[in-house]
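Input: a single structure, listed below in structure tokens.
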Amino acid sequence: MNLTPLRLGFVPLLDMAPIVIAREMGFAQAEGLGLELMRAPSWSSLRDMLLWGQVDAAQMLAPVPVAMAMGLGGAVARLDILQVLSINGDVIGVSQDVAGRLRRAGHDFGFCDASRARDDLVRAIDRPLRIGVPFPFSTHVELVSYWLRETSIEYELCTIPPPRMADALAAGEVDAFCVGEPWGSVAVELGAATLLLPSRTIWAVAPEKVLAARHEWVKDNPALTGRLMRAIWRAAKWLGVPANRSITSDILARPEYVNAPVELLDRALRGEMVISAQGELRQVPDMIRFFDGAASFPWRSQAAWFAAQLAARHDLDLTRSIVTAKAICRTDLYRQNLRMAGADLPGASEKLEGSLHHPTAVASERGQMILAPDAFFDGQVFDASQYSR
């Protein structure tokens, strides 16, 4: 069988799983694709690889295409968000010095209450914090900024590639971090970190990584785009089966992919997080999600939320920013290309972000589908529909 070559870029993280599984478990080959997976050392490198055509599509931080569409970061090309690769999967960790201060202040490291963790941090810290994040435009930055806003904590965000985060904390370059798994757990294994929160406690369905491609490439390659989307969607569906977690961990642990211990990858997939060198274990439902609850659908309202946060910090027009962000979410292509693969499709392309506190049935093309809780830790609700032109 002659396969059409297609280059996909990635940064080594647990949430690259749909890309790897599409290749390793034959979903790409079934669509006639020969995937070449190209590893990048950092998010800036991967963004440039995509912009310069060194890869055709890439695993990408969800806010990067939004920021680029808004004219931030110096890049001028448009990237389209084809589908979401992963929901959640990040952790916030602190140095042993900060962890000690928190324990002395009475924090129990329950790993489930963002409000209490924030308030205890305010009481325990009397100096500015340096917080490591993987990239200036990232879900990590948006969640940390949202979580710490309206507090007295002074902090500086320091950009550090994910595989270097544990070493940076151990070396004292930062006091805390927000990073995707397994690199937070690696920091715990090194004895450098205690984990404070999973990202889902700040926003219960924070879109972490997306499948992105240059708008012109998508326009010029409609059939190829559809084949890629179907392969990734079927891989995500496979990942949603609990029995497949062990195979996934074994594959991702390979040197050419994440190159991290199998047991750390497996723990994160299962939501069984060891948060300290003392072996404290916390159960985290939905630690990371790839498929269930329309996880891969590129909700325009999620991109709009990122745009609203970015517009506020960079003093940009709010409505224009949100309209621009919605336009790059290719819900049209998702519906067109994945309907034929058997995907159930939500009846709308945006929703009230933060409004769901329980699993909720909503209208879909097949009748109804169940969406997972999507609450923000502070109870806020974001309505993207009020911003339109």
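Ordering of the structure tokens sets the chain letters (A, B, ...), residue numbers begin anew at 1 in every chain, and ligands are numbered from 1 in the order given.
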Just the residues within 6 Å of region 86-103 of chain A, please, counting only C-alpha atoms, with nothing from its chain fewer than 6 positions along; format it as a PDB file with N, CA and C atoms, in the first residue's frame.
```pdb
ATOM      1  N   ASP A  15       0.478  14.255  26.622  1.00  0.00           N
ATOM      2  CA  ASP A  15      -0.672  14.628  25.789  1.00  0.00           C
ATOM      3  C   ASP A  15      -0.411  14.552  24.292  1.00  0.00           C
ATOM      4  N   ALA A 124       1.325  31.835  53.245  1.00  0.00           N
ATOM      5  CA  ALA A 124       2.632  31.217  53.504  1.00  0.00           C
ATOM      6  C   ALA A 124       3.801  31.947  52.858  1.00  0.00           C
ATOM      7  N   ASP A 175      10.744  28.682  41.705  1.00  0.00           N
ATOM      8  CA  ASP A 175      10.196  28.248  42.992  1.00  0.00           C
ATOM      9  C   ASP A 175       8.987  27.338  42.828  1.00  0.00           C
ATOM     10  N   ALA A 176       8.407  27.353  41.641  1.00  0.00           N
ATOM     11  CA  ALA A 176       7.202  26.573  41.366  1.00  0.00           C
ATOM     12  C   ALA A 176       7.093  26.402  39.858  1.00  0.00           C
ATOM     13  N   PHE A 177       6.130  25.585  39.426  1.00  0.00           N
ATOM     14  CA  PHE A 177       5.928  25.408  37.988  1.00  0.00           C
ATOM     15  C   PHE A 177       4.504  25.003  37.712  1.00  0.00           C
ATOM     16  N   CYS A 178       4.109  25.185  36.462  1.00  0.00           N
ATOM     17  CA  CYS A 178       2.911  24.563  35.905  1.00  0.00           C
ATOM     18  C   CYS A 178       3.357  23.890  34.623  1.00  0.00           C
ATOM     19  N   VAL A 179       3.227  22.574  34.547  1.00  0.00           N
ATOM     20  CA  VAL A 179       3.771  21.833  33.412  1.00  0.00           C
ATOM     21  C   VAL A 179       2.929  20.598  33.157  1.00  0.00           C
ATOM     22  N   GLY A 180       2.971  20.124  31.924  1.00  0.00           N
ATOM     23  CA  GLY A 180       2.262  18.909  31.559  1.00  0.00           C
ATOM     24  C   GLY A 180       2.988  17.673  32.046  1.00  0.00           C
ATOM     25  N   GLU A 181       2.203  16.643  32.326  1.00  0.00           N
ATOM     26  CA  GLU A 181       2.783  15.368  32.729  1.00  0.00           C
ATOM     27  C   GLU A 181       3.521  14.714  31.543  1.00  0.00           C
ATOM     28  N   ALA A 193      10.285  18.472  44.023  1.00  0.00           N
ATOM     29  CA  ALA A 193       8.967  19.117  44.029  1.00  0.00           C
ATOM     30  C   ALA A 193       7.964  18.363  44.879  1.00  0.00           C
ATOM     31  N   THR A 194       6.983  19.107  45.342  1.00  0.00           N
ATOM     32  CA  THR A 194       5.736  18.553  45.852  1.00  0.00           C
ATOM     33  C   THR A 194       4.623  19.130  44.983  1.00  0.00           C
ATOM     34  N   LEU A 195       3.728  18.281  44.526  1.00  0.00           N
ATOM     35  CA  LEU A 195       2.660  18.743  43.654  1.00  0.00           C
ATOM     36  C   LEU A 195       1.544  19.356  44.490  1.00  0.00           C
ATOM     37  N   LEU A 196       1.076  20.516  44.031  1.00  0.00           N
ATOM     38  CA  LEU A 196       0.081  21.286  44.773  1.00  0.00           C
ATOM     39  C   LEU A 196      -1.328  21.118  44.222  1.00  0.00           C
ATOM     40  N   LEU A 197      -1.453  21.096  42.887  1.00  0.00           N
ATOM     41  CA  LEU A 197      -2.772  21.024  42.249  1.00  0.00           C
ATOM     42  C   LEU A 197      -2.657  20.390  40.873  1.00  0.00           C
ATOM     43  N   PRO A 198      -3.688  19.661  40.427  1.00  0.00           N
ATOM     44  CA  PRO A 198      -3.828  19.370  38.996  1.00  0.00           C
ATOM     45  C   PRO A 198      -4.563  20.532  38.336  1.00  0.00           C
ATOM     46  N   SER A 199      -4.290  20.755  37.077  1.00  0.00           N
ATOM     47  CA  SER A 199      -4.871  21.908  36.377  1.00  0.00           C
ATOM     48  C   SER A 199      -6.395  21.865  36.363  1.00  0.00           C
ATOM     49  N   ARG A 200      -6.979  20.678  36.391  1.00  0.00           N
ATOM     50  CA  ARG A 200      -8.439  20.566  36.294  1.00  0.00           C
ATOM     51  C   ARG A 200      -9.156  21.182  37.482  1.00  0.00           C
ATOM     52  N   VAL A 205     -12.268  21.548  32.446  1.00  0.00           N
ATOM     53  CA  VAL A 205     -12.038  20.992  31.102  1.00  0.00           C
ATOM     54  C   VAL A 205     -11.122  21.911  30.288  1.00  0.00           C
ATOM     55  N   ALA A 206     -10.033  22.314  30.874  1.00  0.00           N
ATOM     56  CA  ALA A 206      -9.113  23.213  30.158  1.00  0.00           C
ATOM     57  C   ALA A 206      -8.522  22.502  28.941  1.00  0.00           C
ATOM     58  N   PRO A 207      -8.751  23.025  27.722  1.00  0.00           N
ATOM     59  CA  PRO A 207      -8.123  22.424  26.540  1.00  0.00           C
ATOM     60  C   PRO A 207      -6.624  22.673  26.593  1.00  0.00           C
ATOM     61  N   GLU A 208      -5.853  21.625  26.533  1.00  0.00           N
ATOM     62  CA  GLU A 208      -4.405  21.746  26.713  1.00  0.00           C
ATOM     63  C   GLU A 208      -3.658  21.803  25.380  1.00  0.00           C
ATOM     64  N   LYS A 209      -3.782  20.754  24.574  1.00  0.00           N
ATOM     65  CA  LYS A 209      -3.117  20.738  23.271  1.00  0.00           C
ATOM     66  C   LYS A 209      -4.158  20.576  22.167  1.00  0.00           C
ATOM     67  N   MET A 287      -7.809  13.249  35.165  1.00  0.00           N
ATOM     68  CA  MET A 287      -6.488  13.893  35.182  1.00  0.00           C
ATOM     69  C   MET A 287      -6.101  14.332  33.774  1.00  0.00           C
ATOM     70  N   ILE A 288      -6.383  13.482  32.803  1.00  0.00           N
ATOM     71  CA  ILE A 288      -6.212  13.839  31.391  1.00  0.00           C
ATOM     72  C   ILE A 288      -7.263  13.077  30.598  1.00  0.00           C
ATOM     73  N   ARG A 289      -7.789  13.725  29.572  1.00  0.00           N
ATOM     74  CA  ARG A 289      -8.870  13.107  28.796  1.00  0.00           C
ATOM     75  C   ARG A 289      -8.643  13.395  27.325  1.00  0.00           C
ATOM     76  N   PHE A 290      -8.906  12.374  26.492  1.00  0.00           N
ATOM     77  CA  PHE A 290      -8.671  12.500  25.059  1.00  0.00           C
ATOM     78  C   PHE A 290      -9.943  12.416  24.213  1.00  0.00           C
TER      79      PHE A 290
END
```
Please, which residues of region 41-273 of chain A, numbered as in this document, come out strand (DSSP E) from DSSP, as an NGL selection string?
:A and (57-61 or 79-88 or 90-95 or 129-133 or 155-159 or 176-180 or 193-198 or 207-214 or 272-273)
Give me the region 273-331 of chain A side of the contact with region 366-387 of chain A, cut-off 6 Å, one line per residue showing its nearest atom pair and distance in Å at one decimal, counting only C-alpha atoms, sorted by chain and residue number, as a tab-separated table.
```
residue	atom	partner	partner_atom	distance
A:Gly293	CA	A:Leu371	CA	4.5
A:Ser301	CA	A:Ala384	CA	5.4
A:Thr319	CA	A:Tyr387	CA	5.4
```
Those residues you just picked out, can you put them in a file as a PDB file, in the first residue's frame with all heavy atoms?
```
ATOM      1  N   GLY A 293     -16.995  12.827  26.225  1.00  0.00           N
ATOM      2  CA  GLY A 293     -17.570  14.134  26.489  1.00  0.00           C
ATOM      3  C   GLY A 293     -17.208  15.186  25.464  1.00  0.00           C
ATOM      4  O   GLY A 293     -17.041  16.358  25.804  1.00  0.00           O
ATOM      5  N   SER A 301     -16.005  28.656  21.987  1.00  0.00           N
ATOM      6  CA  SER A 301     -16.063  29.375  23.265  1.00  0.00           C
ATOM      7  C   SER A 301     -14.807  29.180  24.099  1.00  0.00           C
ATOM      8  O   SER A 301     -14.439  30.057  24.887  1.00  0.00           O
ATOM      9  CB  SER A 301     -17.296  28.920  24.052  1.00  0.00           C
ATOM     10  OG  SER A 301     -17.417  27.514  24.061  1.00  0.00           O
ATOM     11  N   THR A 319     -13.801  42.479  21.819  1.00  0.00           N
ATOM     12  CA  THR A 319     -14.696  41.872  20.833  1.00  0.00           C
ATOM     13  C   THR A 319     -13.935  41.409  19.600  1.00  0.00           C
ATOM     14  O   THR A 319     -14.144  40.290  19.103  1.00  0.00           O
ATOM     15  CB  THR A 319     -15.807  42.856  20.432  1.00  0.00           C
ATOM     16  OG1 THR A 319     -16.583  43.185  21.591  1.00  0.00           O
ATOM     17  CG2 THR A 319     -16.702  42.258  19.363  1.00  0.00           C
TER      18      THR A 319
END
```
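Proximity to region 35-40 of chain A at 9 Å, evaluated using only C-alpha atoms and with sequence-adjacent residues fewer than 2 positions away removed, yields Leu3, Thr4, Pro5, Leu6, Arg7, Leu8, Gly9, Phe10, Val11, Pro12, Ile19, Val20, Ala22, Arg23, Ala28, Gln29, Leu33, Ser42, Trp43, Ser44, Ser45, Leu46, Met49, Val55, Glu256 and Tyr257 of chain A.
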Sort by chain and increasing residue number a table of all residues of region 48-140 of chain A within 10 Å of region 215-219 of chain A, each with its closest pair of atoms and their distance in Å to one decimal, counting only C-alpha atoms, and write it as JSON lines.
```
{"residue": "A:Gly53", "atom": "CA", "partner": "A:Trp217", "partner_atom": "CA", "distance": 9.1}
{"residue": "A:Asp56", "atom": "CA", "partner": "A:Trp217", "partner_atom": "CA", "distance": 7.5}
{"residue": "A:Ala57", "atom": "CA", "partner": "A:Trp217", "partner_atom": "CA", "distance": 8.9}
{"residue": "A:Ala77", "atom": "CA", "partner": "A:His215", "partner_atom": "CA", "distance": 8.0}
{"residue": "A:Arg78", "atom": "CA", "partner": "A:His215", "partner_atom": "CA", "distance": 5.7}
{"residue": "A:Leu79", "atom": "CA", "partner": "A:His215", "partner_atom": "CA", "distance": 5.3}
{"residue": "A:Asp80", "atom": "CA", "partner": "A:His215", "partner_atom": "CA", "distance": 5.4}
{"residue": "A:Ile81", "atom": "CA", "partner": "A:His215", "partner_atom": "CA", "distance": 9.1}
{"residue": "A:Leu82", "atom": "CA", "partner": "A:Val218", "partner_atom": "CA", "distance": 9.2}
```
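For region 227-244 of chain A, the list of residues within 8 Å, based on only C-alpha atoms and with local chain neighbours fewer than 6 positions off taken out, reads Ala17, Pro18, Ile19, Ile21, Ala22, Met25, Phe27, Ala28, Ala30, Glu31, Gly32, Leu33, Leu82, Gln83, Leu85, Arg289, Phe290, Phe291, Asp292, Ser296, Tyr334, Asn337, Leu338 and Ala341 of chain A.
Using only C-alpha atoms for every distance, the candidate list A:Arg330, A:Arg282, A:Arg335, A:His357 yields A:Arg282 as the residue closest to Asp108 (chain A).
When only C-alpha atoms are used to compute distances to Phe297 (chain A), the closest of the residues A:Val274, A:Ala325, A:Val210, A:Leu121 turns out to be A:Val210.
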Two-atom distance - CA of Met273 (chain A), CA of Pro285 (chain A) (Å):
10.4 Å
Give the answer as one residue: which of A:Ala187, A:Ala204, A:Ala223, A:Ile131 has the shortest atom-to-atom distance to Ile160 (chain A), using only C-alpha atoms?
A:Ile131
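Distances from A:Ile251, A:Ala311, A:Ala277, A:Ile202 to Gly354 (chain A) were compared using only C-alpha atoms, and the smallest one belongs to A:Ile202.
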